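Here's model35.cif, which has mmCIF, C-alpha atoms and all ligand atoms:
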data_entry
loop_
_atom_site.label_atom_id
_atom_site.label_comp_id
_atom_site.auth_asym_id
_atom_site.auth_seq_id
_atom_site.Cartn_x
_atom_site.Cartn_y
_atom_site.Cartn_z
CA MET A 1 -0.84 11.04 -12.37
CA SER A 2 -2.42 9.17 -9.46
CA GLU A 3 0.07 7.09 -7.49
CA TRP A 4 -0.41 4.19 -5.10
CA ARG A 5 1.67 2.27 -2.60
CA LEU A 6 1.41 -0.83 -0.47
CA SER A 7 1.22 -0.27 3.27
CA VAL A 8 0.19 -1.88 6.56
CA ALA A 9 -2.42 -0.30 8.85
CA ALA A 10 -1.61 -2.84 11.61
CA TYR A 11 1.35 -5.21 12.10
CA GLY A 12 0.70 -8.71 10.82
CA GLY A 13 1.36 -11.41 8.26
CA PRO A 14 1.61 -10.87 4.50
CA GLU A 15 -2.19 -10.50 4.39
CA ALA A 16 -1.82 -7.19 6.27
CA ILE A 17 -0.31 -5.61 3.13
CA ALA A 18 -2.91 -3.46 1.35
CA ARG A 19 -3.06 -0.96 -1.51
CA GLU A 20 -3.31 2.71 -0.56
CA ASP A 21 -4.06 5.42 -3.13
CA LEU A 22 -1.85 8.48 -2.84
CA GLY A 23 -3.20 10.82 -5.51
CA ALA A 24 -0.68 13.02 -7.31
CA LEU A 25 2.72 13.47 -5.62
CA GLN A 26 4.71 16.71 -5.57
CA PRO A 27 8.27 16.88 -4.25
CA GLY A 28 8.72 19.27 -1.32
CA PRO A 29 11.77 21.52 -0.91
CA GLY A 30 14.95 19.45 -1.23
CA GLU A 31 13.03 16.43 -2.49
CA VAL A 32 12.85 14.59 -5.79
CA LEU A 33 9.93 12.65 -7.25
CA VAL A 34 11.25 9.29 -8.42
CA ARG A 35 9.18 7.12 -10.78
CA HIS A 36 9.97 3.55 -9.73
CA ARG A 37 10.95 0.98 -12.32
CA ALA A 38 12.18 -1.81 -10.02
CA ILE A 39 11.88 -2.25 -6.26
CA GLY A 40 14.13 -4.44 -4.13
CA VAL A 41 12.56 -6.83 -1.63
CA ASN A 42 14.60 -7.25 1.55
CA PHE A 43 14.10 -9.29 4.69
CA ILE A 44 13.89 -6.02 6.66
CA ASP A 45 10.57 -5.36 4.87
CA THR A 46 9.10 -8.32 6.76
CA TYR A 47 10.39 -6.88 10.09
CA HIS A 48 8.59 -3.59 9.33
CA ARG A 49 5.44 -5.52 8.42
CA THR A 50 5.43 -7.59 11.62
CA GLY A 51 6.59 -4.81 13.93
CA LEU A 52 9.87 -6.55 14.88
CA TYR A 53 11.35 -3.20 13.81
CA PRO A 54 8.58 -0.82 14.94
CA VAL A 55 7.51 1.92 12.54
CA PRO A 56 4.70 4.48 12.98
CA LEU A 57 1.43 3.08 11.54
CA PRO A 58 0.07 3.16 8.93
CA ALA A 59 3.44 2.44 7.35
CA GLY A 60 4.68 2.00 3.82
CA LEU A 61 6.97 -0.93 3.10
CA GLY A 62 10.25 -1.24 1.21
CA VAL A 63 13.52 0.63 1.63
CA GLU A 64 15.05 0.64 -1.85
CA ALA A 65 14.11 1.22 -5.47
CA ALA A 66 15.52 2.28 -8.81
CA GLY A 67 13.85 4.57 -11.31
CA VAL A 68 13.83 7.92 -13.04
CA VAL A 69 13.76 11.48 -11.72
CA GLU A 70 10.34 12.89 -12.66
CA ALA A 71 10.23 16.23 -10.80
CA LEU A 72 12.60 18.32 -8.72
CA GLY A 73 11.58 20.15 -5.53
CA GLU A 74 12.67 23.66 -4.69
CA GLY A 75 16.40 24.06 -4.17
CA VAL A 76 17.46 20.69 -5.59
CA GLN A 77 20.68 20.92 -7.54
CA GLY A 78 22.91 18.44 -9.34
CA LEU A 79 20.07 16.20 -10.59
CA ARG A 80 18.06 16.48 -13.81
CA ILE A 81 14.65 15.25 -14.91
CA GLY A 82 14.97 11.92 -16.71
CA GLU A 83 18.13 10.93 -14.82
CA ARG A 84 18.34 7.29 -13.71
CA VAL A 85 18.74 6.95 -9.95
CA ALA A 86 18.40 4.49 -7.09
CA TYR A 87 18.22 4.84 -3.33
CA VAL A 88 18.21 3.01 -0.02
CA THR A 89 16.48 4.69 2.89
CA ARG A 90 15.67 4.07 6.53
CA VAL A 91 12.06 5.13 5.98
CA PRO A 92 9.88 2.35 4.53
CA GLY A 93 7.67 3.30 1.56
CA SER A 94 9.30 2.04 -1.64
CA TYR A 95 6.57 -0.48 -2.51
CA ALA A 96 5.00 2.27 -4.60
CA THR A 97 4.57 3.42 -8.18
CA ALA A 98 6.53 6.59 -7.35
CA ARG A 99 7.91 8.28 -4.24
CA THR A 100 9.31 11.59 -3.06
CA VAL A 101 12.84 11.10 -1.73
CA PRO A 102 15.32 13.59 -0.17
CA ALA A 103 17.73 14.54 -2.97
CA GLY A 104 20.73 13.68 -0.75
CA GLU A 105 19.66 10.03 -0.60
CA LEU A 106 19.76 9.47 -4.37
CA ILE A 107 22.58 7.66 -6.14
CA SER A 108 23.03 8.28 -9.88
CA LEU A 109 23.20 5.06 -11.85
CA PRO A 110 25.94 4.34 -14.37
CA ASP A 111 24.71 3.07 -17.78
CA SER A 112 26.18 -0.35 -16.99
CA VAL A 113 23.77 -0.79 -14.05
CA THR A 114 20.20 -1.47 -15.27
CA ASP A 115 17.16 -0.62 -13.16
CA ASP A 116 16.62 -4.27 -12.22
CA LEU A 117 20.27 -4.73 -11.34
CA ALA A 118 20.29 -1.59 -9.19
CA ALA A 119 17.20 -2.64 -7.24
CA ALA A 120 18.55 -6.18 -6.85
CA ALA A 121 22.05 -5.14 -5.82
CA LEU A 122 22.03 -1.84 -3.99
CA LEU A 123 20.95 -2.49 -0.41
CA LYS A 124 22.28 -6.04 -0.34
CA GLY A 125 25.57 -5.08 -2.00
CA LEU A 126 26.13 -2.02 0.19
CA THR A 127 25.50 -4.28 3.18
CA ALA A 128 28.08 -6.82 2.01
CA GLU A 129 30.60 -4.01 1.34
CA ALA A 130 30.13 -2.57 4.83
CA LEU A 131 30.23 -5.95 6.57
CA ILE A 132 33.35 -7.24 4.82
CA PHE A 133 35.52 -4.14 4.50
CA ARG A 134 34.47 -1.82 7.29
CA CYS A 135 32.86 -3.96 10.00
CA ALA A 136 34.76 -7.28 10.07
CA ARG A 137 37.71 -5.94 8.01
CA VAL A 138 38.48 -9.43 6.79
CA ASP A 139 41.90 -10.02 5.26
CA LYS A 140 43.15 -12.41 2.59
CA GLY A 141 43.89 -15.80 4.13
CA ALA A 142 41.13 -15.59 6.76
CA THR A 143 38.31 -18.11 6.98
CA ALA A 144 34.71 -16.89 7.02
CA LEU A 145 31.48 -18.72 7.78
CA VAL A 146 28.58 -17.30 5.74
CA HIS A 147 25.03 -18.23 6.71
CA ALA A 148 22.09 -18.24 4.26
CA ALA A 149 24.80 -18.19 1.61
CA ALA A 150 22.42 -18.66 -1.35
CA GLY A 151 20.24 -15.73 -0.24
CA GLY A 152 20.35 -12.12 -1.38
CA VAL A 153 23.10 -10.77 0.87
CA GLY A 154 24.64 -14.25 1.20
CA GLN A 155 25.49 -14.70 -2.49
CA ILE A 156 27.20 -11.30 -2.59
CA LEU A 157 29.18 -12.01 0.59
CA VAL A 158 30.40 -15.34 -0.79
CA GLN A 159 31.59 -13.86 -4.09
CA TRP A 160 33.24 -10.78 -2.60
CA LEU A 161 34.99 -12.71 0.17
CA HIS A 162 36.22 -15.25 -2.37
CA ALA A 163 37.61 -12.41 -4.52
CA VAL A 164 39.46 -11.00 -1.50
CA GLY A 165 41.14 -14.37 -0.95
CA VAL A 166 39.13 -15.47 2.07
CA THR A 167 38.33 -19.17 2.51
CA VAL A 168 34.54 -19.28 2.52
CA ILE A 169 32.55 -21.90 4.41
CA ALA A 170 28.97 -21.43 3.27
CA HIS A 171 25.96 -22.67 5.21
CA CYS A 172 22.55 -23.08 3.58
CA GLY A 173 19.20 -24.69 4.30
CA SER A 174 19.26 -27.28 1.51
CA VAL A 175 21.53 -29.27 -0.76
CA GLU A 176 20.31 -27.25 -3.78
CA LYS A 177 21.22 -23.98 -2.08
CA ALA A 178 24.61 -25.38 -1.07
CA ALA A 179 25.28 -26.09 -4.78
CA ILE A 180 24.44 -22.44 -5.56
CA ALA A 181 26.85 -21.23 -2.86
CA ARG A 182 29.59 -23.44 -4.27
CA SER A 183 28.98 -22.04 -7.76
CA MET A 184 29.45 -18.53 -6.27
CA GLY A 185 32.95 -19.45 -5.11
CA ALA A 186 32.42 -20.97 -1.66
CA ASP A 187 35.30 -23.33 -0.81
CA HIS A 188 32.97 -25.48 1.26
CA ALA A 189 29.18 -25.53 1.35
CA LEU A 190 27.36 -27.16 4.25
CA HIS A 191 23.66 -27.87 4.65
CA CYS A 192 23.74 -29.62 8.00
CA GLY A 193 21.56 -28.68 11.00
CA PHE A 194 22.76 -25.97 13.37
CA ASP A 195 23.37 -28.65 16.02
CA THR A 196 26.35 -30.07 14.09
CA LEU A 197 27.48 -26.95 12.23
CA ALA A 198 30.29 -25.92 14.62
CA GLU A 199 31.68 -29.46 14.53
CA GLU A 200 31.66 -29.42 10.71
CA VAL A 201 33.39 -26.04 10.59
CA ARG A 202 36.09 -27.27 13.00
CA ALA A 203 36.57 -30.39 10.88
CA LEU A 204 37.22 -28.15 7.85
CA THR A 205 39.68 -25.88 9.72
CA ASN A 206 41.89 -28.42 11.52
CA GLY A 207 39.98 -27.77 14.72
CA ARG A 208 40.72 -24.05 14.70
CA GLY A 209 37.33 -22.59 13.71
CA ALA A 210 36.41 -19.64 11.50
CA ASP A 211 37.85 -16.14 11.94
CA VAL A 212 34.51 -14.51 11.32
CA SER A 213 30.87 -15.54 11.10
CA PHE A 214 28.48 -13.48 8.94
CA ASP A 215 25.14 -14.36 10.44
CA GLY A 216 21.84 -12.93 9.19
CA VAL A 217 19.84 -15.92 10.41
CA GLY A 218 19.79 -14.76 14.05
CA ALA A 219 18.12 -16.76 16.80
CA GLU A 220 18.52 -20.28 15.37
CA SER A 221 22.17 -19.96 14.31
CA TRP A 222 23.54 -17.81 17.16
CA THR A 223 25.01 -20.58 19.32
CA ALA A 224 26.36 -22.52 16.34
CA SER A 225 28.06 -19.37 15.05
CA LEU A 226 29.78 -18.67 18.37
CA ASP A 227 30.84 -22.31 18.73
CA ALA A 228 32.28 -22.30 15.20
CA LEU A 229 34.62 -19.34 15.79
CA ALA A 230 38.37 -19.46 16.32
CA ARG A 231 39.97 -17.82 19.35
CA ARG A 232 39.50 -14.02 19.09
CA GLY A 233 37.07 -14.63 16.21
CA MET A 234 34.48 -12.06 15.16
CA MET A 235 30.75 -12.64 15.25
CA VAL A 236 28.91 -10.32 12.86
CA THR A 237 25.24 -10.78 13.67
CA PHE A 238 23.40 -8.65 11.15
CA GLY A 239 19.87 -10.01 10.83
CA ASN A 240 16.97 -11.95 12.28
CA ALA A 241 15.61 -14.20 9.50
CA SER A 242 14.76 -16.86 12.13
CA GLY A 243 13.94 -14.33 14.87
CA PRO A 244 16.01 -11.95 17.02
CA VAL A 245 18.99 -13.20 19.03
CA PRO A 246 17.95 -13.48 22.71
CA PRO A 247 19.89 -11.60 25.42
CA PHE A 248 23.26 -13.19 26.26
CA SER A 249 26.04 -12.83 28.82
CA PRO A 250 29.42 -11.40 27.74
CA LEU A 251 30.94 -14.37 29.59
CA GLU A 252 29.72 -16.47 26.65
CA LEU A 253 32.37 -14.65 24.61
CA SER A 254 35.28 -15.11 27.02
CA ARG A 255 34.68 -18.81 27.61
CA ARG A 256 34.72 -19.45 23.84
CA GLY A 257 38.07 -17.69 23.32
CA SER A 258 37.76 -13.90 23.80
CA LEU A 259 35.37 -13.45 20.88
CA PHE A 260 34.24 -10.12 19.40
CA VAL A 261 30.62 -9.37 18.51
CA SER A 262 29.24 -6.64 16.28
CA ARG A 263 25.57 -5.99 15.51
CA PRO A 264 25.87 -3.64 12.51
CA THR A 265 23.18 -1.91 10.52
CA LEU A 266 23.92 -0.62 7.02
CA PHE A 267 22.65 2.87 7.77
CA ASP A 268 25.49 3.47 10.24
CA TYR A 269 27.94 2.78 7.39
CA ILE A 270 26.36 5.14 4.81
CA VAL A 271 25.78 8.15 7.02
CA THR A 272 26.76 10.99 4.69
CA PRO A 273 26.11 11.33 0.93
CA GLU A 274 29.90 11.09 0.42
CA GLU A 275 30.20 7.87 2.44
CA ARG A 276 27.24 6.40 0.56
CA GLN A 277 28.71 7.36 -2.83
CA VAL A 278 32.12 5.83 -2.02
CA ALA A 279 30.45 2.57 -0.99
CA ALA A 280 28.18 2.63 -4.07
CA ASP A 281 31.14 3.24 -6.38
CA ARG A 282 32.94 0.29 -4.81
CA LEU A 283 29.86 -1.86 -5.41
CA PHE A 284 29.39 -0.65 -9.01
CA THR A 285 33.04 -1.47 -9.71
CA ALA A 286 32.60 -4.96 -8.27
CA LEU A 287 29.52 -5.42 -10.49
CA SER A 288 31.20 -4.15 -13.64
CA ASP A 289 34.48 -6.05 -13.24
CA GLY A 290 32.63 -9.31 -12.54
CA THR A 291 33.74 -9.67 -8.91
CA VAL A 292 30.08 -9.80 -7.89
CA LYS A 293 27.29 -11.17 -10.07
CA ILE A 294 23.69 -10.67 -9.01
CA THR A 295 21.09 -13.38 -9.41
CA ILE A 296 17.49 -12.22 -9.59
CA GLY A 297 15.71 -15.34 -8.39
CA LYS A 298 12.11 -14.10 -8.56
CA ARG A 299 10.21 -11.09 -9.92
CA PHE A 300 6.69 -10.25 -8.72
CA ALA A 301 4.26 -7.56 -9.85
CA LEU A 302 4.20 -4.80 -7.21
CA ILE A 303 0.59 -5.60 -6.30
CA ASP A 304 1.69 -9.17 -5.42
CA ALA A 305 4.23 -8.12 -2.77
CA ALA A 306 2.48 -10.31 -0.18
CA ASP A 307 3.44 -13.37 -2.26
CA ALA A 308 7.04 -12.15 -2.34
CA HIS A 309 7.01 -11.95 1.47
CA ARG A 310 5.53 -15.45 1.73
CA ALA A 311 8.27 -16.87 -0.49
CA LEU A 312 11.06 -15.03 1.37
CA GLU A 313 9.84 -16.10 4.81
CA ALA A 314 9.33 -19.70 3.65
CA ARG A 315 13.01 -19.84 2.54
CA GLN A 316 11.85 -20.41 -1.05
CA THR A 317 13.92 -17.62 -2.62
CA THR A 318 17.55 -17.53 -3.72
CA GLY A 319 19.46 -14.40 -4.72
CA SER A 320 17.51 -11.16 -4.98
CA THR A 321 13.75 -10.69 -5.29
CA LEU A 322 12.20 -7.77 -7.19
CA LEU A 323 8.82 -6.06 -7.38
CA ILE A 324 7.98 -4.52 -10.75
CA PRO A 325 5.48 -1.60 -10.69
P1 LIG B 1 17.75 -13.83 2.25
O1 LIG B 1 17.57 -13.87 0.79
O2 LIG B 1 19.09 -14.20 2.80
O3 LIG B 1 16.65 -14.70 2.93
C1 LIG B 1 16.77 -15.15 4.24
C2 LIG B 1 17.39 -16.53 4.32
O4 LIG B 1 17.63 -16.82 5.69
C3 LIG B 1 16.53 -17.66 3.83
O5 LIG B 1 16.54 -17.85 2.44
C4 LIG B 1 17.11 -18.83 4.58
O6 LIG B 1 18.23 -19.39 3.88
C5 LIG B 1 17.65 -18.20 5.87
N1 LIG B 1 16.85 -18.63 7.02
C6 LIG B 1 17.29 -19.42 8.01
N2 LIG B 1 16.33 -19.64 8.89
C7 LIG B 1 15.24 -19.00 8.46
C8 LIG B 1 13.91 -18.89 8.96
N3 LIG B 1 13.54 -19.48 10.10
N4 LIG B 1 13.03 -18.16 8.26
C9 LIG B 1 13.40 -17.55 7.12
N5 LIG B 1 14.65 -17.62 6.61
C10 LIG B 1 15.57 -18.34 7.27
O7 LIG B 1 17.36 -12.34 2.77
P2 LIG B 1 18.16 -10.97 2.60
O8 LIG B 1 19.30 -11.16 1.70
O9 LIG B 1 17.16 -9.90 2.31
O10 LIG B 1 18.68 -10.68 4.07
C11 LIG B 1 19.56 -11.61 4.70
C12 LIG B 1 19.75 -11.18 6.14
O11 LIG B 1 20.49 -9.98 6.17
C13 LIG B 1 18.44 -10.88 6.88
O12 LIG B 1 18.54 -11.32 8.21
C14 LIG B 1 18.38 -9.37 6.84
O13 LIG B 1 17.60 -8.83 7.87
C15 LIG B 1 19.84 -9.04 6.99
N6 LIG B 1 20.20 -7.70 6.53
C16 LIG B 1 20.75 -6.85 7.45
C17 LIG B 1 21.18 -5.62 7.08
C18 LIG B 1 21.80 -4.74 8.10
O14 LIG B 1 22.05 -3.57 7.81
N7 LIG B 1 22.08 -5.22 9.30
C19 LIG B 1 20.99 -5.11 5.71
C20 LIG B 1 20.47 -6.12 4.80
C21 LIG B 1 20.07 -7.35 5.22
P3 LIG B 1 18.62 -20.95 4.13
O15 LIG B 1 17.39 -21.72 3.78
O16 LIG B 1 19.74 -21.18 3.23
O17 LIG B 1 18.99 -21.06 5.59
#
Starting from the file, lay out its structure as structure tokens.
Amino acid sequence: MSEWRLSVAAYGGPEAIAREDLGALQPGPGEVLVRHRAIGVNFIDTYHRTGLYPVPLPAGLGVEAAGVVEALGEGVQGLRIGERVAYVTRVPGSYATARTVPAGELISLPDSVTDDLAAAALLKGLTAEALIFRCARVDKGATALVHAAAGGVGQILVQWLHAVGVTVIAHCGSVEKAAIARSMGADHALHCGFDTLAEEVRALTNGRGADVSFDGVGAESWTASLDALARRGMMVTFGNASGPVPPFSPLELSRRGSLFVSRPTLFDYIVTPEERQVAADRLFTALSDGTVKITIGKRFALIDAADAHRALEARQTTGSTLLIP
């Protein structure tokens, strides 16, 4: 069967995304050919497209998908043809009809997790798991500020933090999105500008501030996040939806109350197959027991990925966005 993918030959806007024919694919030693059934769209895909996160060109796009094992390369054990799997990977190239993937990167899917659910939940849910439990290590009774709380990662953070017993202050770009965040379990949902956000957070916390800020917005929210934190609070800056955070002086942290800052990336929290499986099992449990519900806001045909990028970058999406091959 002849396969195709979407790739960029040069960094650029959504119009840089073009179809590339791949011919027939064969898995190499240790690899598996996965036929994609649903592909997750993530903000990182736009960073690869623009070159904010440089990748060798021409480059595929997309770092997660769910599908079916179609062929096994030499030496692959523990997987069978027809098995349902999903993966997240550092190497972009999932915007494709099928892909060869190292066997060690695959996660077997339980029957309860459909292809669409897996592609909508895996990267974003593993990120939320790592940020809450292993990066910030937030405890019951803490207060967390969650930016872009109606977005893909944001909705999962809100629900999981709420389940842990954390007071969630959600921040969103519109009143409609704030209502979504509230329906996910946020105790408070703000849609004010970043200039008054810290003030609003202090008003909600008797002047104390939040214990942690989960901030995937980046440049535009950086100062508001720091100003909104309590003494010895934790800034988790994990994305650049509005652009990368500019260089800063560590003195900014001491003068605001001995703050901590982490700039985590998921791939440092799922380093080995075992670590990835433990995190995935924790996510699948949260999905099956109802702790975390996934909203698929928009589905696009794979060929229309550029439209998905336009919607994501224009802040028009909520929840997860999928591409269907
Ligand atoms: P989202 O669905 O959250 O979309 C991004 C949201 O950011 C928008 O909907 C918007 O919400 C908000 N936003 C604020 N300012 C801007 C702006 N200027 N342009 C565009 N969006 C803006 O995306 P994802 O769930 O895919 O990712 C969320 C963040 O998490 C991203 O920064 C991503 O890079 C990061 N991430 C990091 C990972 C890591 O390992 N470090 C892993 C996964 C994701 P609103 O209108 O409500 O403000």
Can you write out as JSON lines which residues of chain A fall within 7 Å of ligand LIG 1 (chain B), alongside each residue's closest atom pair and its distance in Å to one decimal, counting all atoms listed in the file and ordering rows by chain and ascending residue number?
{"residue": "A:Val41", "atom": "CA", "partner": "B:LIG1", "partner_atom": "O9", "distance": 6.8}
{"residue": "A:Asn42", "atom": "CA", "partner": "B:LIG1", "partner_atom": "O9", "distance": 3.8}
{"residue": "A:Phe43", "atom": "CA", "partner": "B:LIG1", "partner_atom": "O9", "distance": 3.9}
{"residue": "A:Ile44", "atom": "CA", "partner": "B:LIG1", "partner_atom": "O13", "distance": 4.8}
{"residue": "A:Leu123", "atom": "CA", "partner": "B:LIG1", "partner_atom": "C20", "distance": 6.4}
{"residue": "A:Lys124", "atom": "CA", "partner": "B:LIG1", "partner_atom": "C20", "distance": 5.4}
{"residue": "A:Thr127", "atom": "CA", "partner": "B:LIG1", "partner_atom": "C19", "distance": 5.2}
{"residue": "A:His147", "atom": "CA", "partner": "B:LIG1", "partner_atom": "O17", "distance": 6.8}
{"residue": "A:Ala148", "atom": "CA", "partner": "B:LIG1", "partner_atom": "O16", "distance": 3.9}
{"residue": "A:Ala149", "atom": "CA", "partner": "B:LIG1", "partner_atom": "O16", "distance": 6.1}
{"residue": "A:Ala150", "atom": "CA", "partner": "B:LIG1", "partner_atom": "O16", "distance": 5.9}
{"residue": "A:Gly151", "atom": "CA", "partner": "B:LIG1", "partner_atom": "O1", "distance": 3.4}
{"residue": "A:Gly152", "atom": "CA", "partner": "B:LIG1", "partner_atom": "O8", "distance": 3.4}
{"residue": "A:Val153", "atom": "CA", "partner": "B:LIG1", "partner_atom": "O8", "distance": 3.9}
{"residue": "A:Gly154", "atom": "CA", "partner": "B:LIG1", "partner_atom": "O2", "distance": 5.8}
{"residue": "A:His171", "atom": "CA", "partner": "B:LIG1", "partner_atom": "O16", "distance": 6.7}
{"residue": "A:Cys172", "atom": "CA", "partner": "B:LIG1", "partner_atom": "O16", "distance": 3.4}
{"residue": "A:Gly173", "atom": "CA", "partner": "B:LIG1", "partner_atom": "O15", "distance": 3.5}
{"residue": "A:Ser174", "atom": "CA", "partner": "B:LIG1", "partner_atom": "O15", "distance": 6.3}
{"residue": "A:Lys177", "atom": "CA", "partner": "B:LIG1", "partner_atom": "O16", "distance": 6.2}
{"residue": "A:Gly216", "atom": "CA", "partner": "B:LIG1", "partner_atom": "O12", "distance": 3.8}
{"residue": "A:Val217", "atom": "CA", "partner": "B:LIG1", "partner_atom": "C6", "distance": 5.0}
{"residue": "A:Gly218", "atom": "CA", "partner": "B:LIG1", "partner_atom": "O12", "distance": 6.9}
{"residue": "A:Glu220", "atom": "CA", "partner": "B:LIG1", "partner_atom": "N2", "distance": 6.9}
{"residue": "A:Phe238", "atom": "CA", "partner": "B:LIG1", "partner_atom": "N7", "distance": 4.1}
{"residue": "A:Gly239", "atom": "CA", "partner": "B:LIG1", "partner_atom": "O12", "distance": 3.2}
{"residue": "A:Asn240", "atom": "CA", "partner": "B:LIG1", "partner_atom": "O12", "distance": 4.4}
{"residue": "A:Ala241", "atom": "CA", "partner": "B:LIG1", "partner_atom": "O12", "distance": 4.3}
{"residue": "A:Ser242", "atom": "CA", "partner": "B:LIG1", "partner_atom": "N3", "distance": 3.5}
{"residue": "A:Pro264", "atom": "CA", "partner": "B:LIG1", "partner_atom": "N7", "distance": 5.2}
{"residue": "A:Thr265", "atom": "CA", "partner": "B:LIG1", "partner_atom": "O14", "distance": 3.4}
{"residue": "A:Leu266", "atom": "CA", "partner": "B:LIG1", "partner_atom": "O14", "distance": 3.6}
{"residue": "A:Phe267", "atom": "CA", "partner": "B:LIG1", "partner_atom": "O14", "distance": 6.5}
{"residue": "A:Leu312", "atom": "CA", "partner": "B:LIG1", "partner_atom": "O3", "distance": 5.8}
{"residue": "A:Glu313", "atom": "CA", "partner": "B:LIG1", "partner_atom": "C9", "distance": 4.5}
{"residue": "A:Ala314", "atom": "CA", "partner": "B:LIG1", "partner_atom": "C9", "distance": 5.8}
{"residue": "A:Arg315", "atom": "CA", "partner": "B:LIG1", "partner_atom": "O5", "distance": 4.1}
{"residue": "A:Gln316", "atom": "CA", "partner": "B:LIG1", "partner_atom": "O5", "distance": 6.4}
{"residue": "A:Thr317", "atom": "CA", "partner": "B:LIG1", "partner_atom": "O5", "distance": 5.7}
{"residue": "A:Thr318", "atom": "CA", "partner": "B:LIG1", "partner_atom": "O1", "distance": 5.8}
{"residue": "A:Gly319", "atom": "CA", "partner": "B:LIG1", "partner_atom": "O1", "distance": 5.8}
{"residue": "A:Ser320", "atom": "CA", "partner": "B:LIG1", "partner_atom": "O1", "distance": 6.4}
Give me, as JSON lines, the closest atom pair and its distance (Å, one decimal) for every residue of range 66-122 of chain A within a cut-off of 9 Å of range 268-285 of chain A, counting only C-alpha atoms, rows sorted by chain and rising number.
{"residue": "A:Gly104", "atom": "CA", "partner": "A:Pro273", "partner_atom": "CA", "distance": 6.1}
{"residue": "A:Glu105", "atom": "CA", "partner": "A:Pro273", "partner_atom": "CA", "distance": 6.8}
{"residue": "A:Leu106", "atom": "CA", "partner": "A:Pro273", "partner_atom": "CA", "distance": 8.5}
{"residue": "A:Ile107", "atom": "CA", "partner": "A:Gln277", "partner_atom": "CA", "distance": 7.0}
{"residue": "A:Leu109", "atom": "CA", "partner": "A:Phe284", "partner_atom": "CA", "distance": 8.9}
{"residue": "A:Pro110", "atom": "CA", "partner": "A:Phe284", "partner_atom": "CA", "distance": 8.1}
{"residue": "A:Ser112", "atom": "CA", "partner": "A:Phe284", "partner_atom": "CA", "distance": 8.6}
{"residue": "A:Val113", "atom": "CA", "partner": "A:Phe284", "partner_atom": "CA", "distance": 7.6}
{"residue": "A:Ala121", "atom": "CA", "partner": "A:Leu283", "partner_atom": "CA", "distance": 8.5}
{"residue": "A:Leu122", "atom": "CA", "partner": "A:Ala280", "partner_atom": "CA", "distance": 7.6}
Problem set entry | A:His36, A:His188, A:Arg134, A:Lys293 ranked by distance to Glu70 in chain A, top pick (using all atoms listed in the file) | A:His36
Contacts between range 10-29 of chain A and range 64-147 of chain A, please, where a residue of range 64-147 of chain A counts if it comes within 10 Å (with only C-alpha atoms); show its shortest atom pair and distance in Å to one decimal, rows by chain and ascending number, as CSV.
residue,atom,partner,partner_atom,distance
A:Glu70,CA,A:Pro27,CA,9.5
A:Ala71,CA,A:Pro27,CA,6.9
A:Leu72,CA,A:Pro27,CA,6.4
A:Gly73,CA,A:Pro29,CA,4.8
A:Glu74,CA,A:Pro29,CA,4.4
A:Gly75,CA,A:Pro29,CA,6.2
A:Val76,CA,A:Pro29,CA,7.4
A:Tyr95,CA,A:Arg19,CA,9.7
A:Ala96,CA,A:Arg19,CA,9.2
A:Thr97,CA,A:Leu22,CA,9.8
A:Ala98,CA,A:Leu25,CA,8.1
A:Arg99,CA,A:Leu25,CA,7.5
A:Thr100,CA,A:Pro27,CA,5.5
A:Val101,CA,A:Pro27,CA,7.8
A:Pro102,CA,A:Pro29,CA,8.7
A:Ala103,CA,A:Pro29,CA,9.4
For the selection you just gave me, I'd like the residues written to a file as a PDB file, in the frame of the given file, keeping C-alpha atoms.
ATOM      1  CA  GLU A  70      10.340  12.890 -12.660  1.00  0.00           C
ATOM      2  CA  ALA A  71      10.230  16.230 -10.800  1.00  0.00           C
ATOM      3  CA  LEU A  72      12.600  18.320  -8.720  1.00  0.00           C
ATOM      4  CA  GLY A  73      11.580  20.150  -5.530  1.00  0.00           C
ATOM      5  CA  GLU A  74      12.670  23.660  -4.690  1.00  0.00           C
ATOM      6  CA  GLY A  75      16.400  24.060  -4.170  1.00  0.00           C
ATOM      7  CA  VAL A  76      17.460  20.690  -5.590  1.00  0.00           C
ATOM      8  CA  TYR A  95       6.570  -0.480  -2.510  1.00  0.00           C
ATOM      9  CA  ALA A  96       5.000   2.270  -4.600  1.00  0.00           C
ATOM     10  CA  THR A  97       4.570   3.420  -8.180  1.00  0.00           C
ATOM     11  CA  ALA A  98       6.530   6.590  -7.350  1.00  0.00           C
ATOM     12  CA  ARG A  99       7.910   8.280  -4.240  1.00  0.00           C
ATOM     13  CA  THR A 100       9.310  11.590  -3.060  1.00  0.00           C
ATOM     14  CA  VAL A 101      12.840  11.100  -1.730  1.00  0.00           C
ATOM     15  CA  PRO A 102      15.320  13.590  -0.170  1.00  0.00           C
ATOM     16  CA  ALA A 103      17.730  14.540  -2.970  1.00  0.00           C
TER      17      ALA A 103
END
Exercise. Using all atoms listed in the file, which residue out of A:Lys140, A:His162, A:Arg208, A:Arg37 lies closest to Gly233 in chain A?
Worked result: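 When distances to Gly233 in chain A are compared using all atoms listed in the file, the smallest one comes from A:Arg208.
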Exercise. For the atom pair CA of Arg263 in chain A and CA of Ala144 in chain A, what is the interatomic distance in Å to one decimal place?
Worked result: 16.6 Å
Give the padded box for range 270-275 of chain A as lines of an AutoDock Vina configuration file: axis-aligned, covering all atoms listed in the file, 3 Å on each side, centre and edge lengths in Å to one decimal.
center_x = 28.0
center_y = 8.2
center_z = 3.7
size_x = 10.4
size_y = 12.2
size_z = 12.6
For this session: Go through A:Ser254, A:Gln159, A:Ala203, A:Val212 one by one, measure the shortest atom-to-atom distance of each to Asp187 in chain A using all atoms listed in the file, and give the residue with the smallest value.
Result: A:Gln159
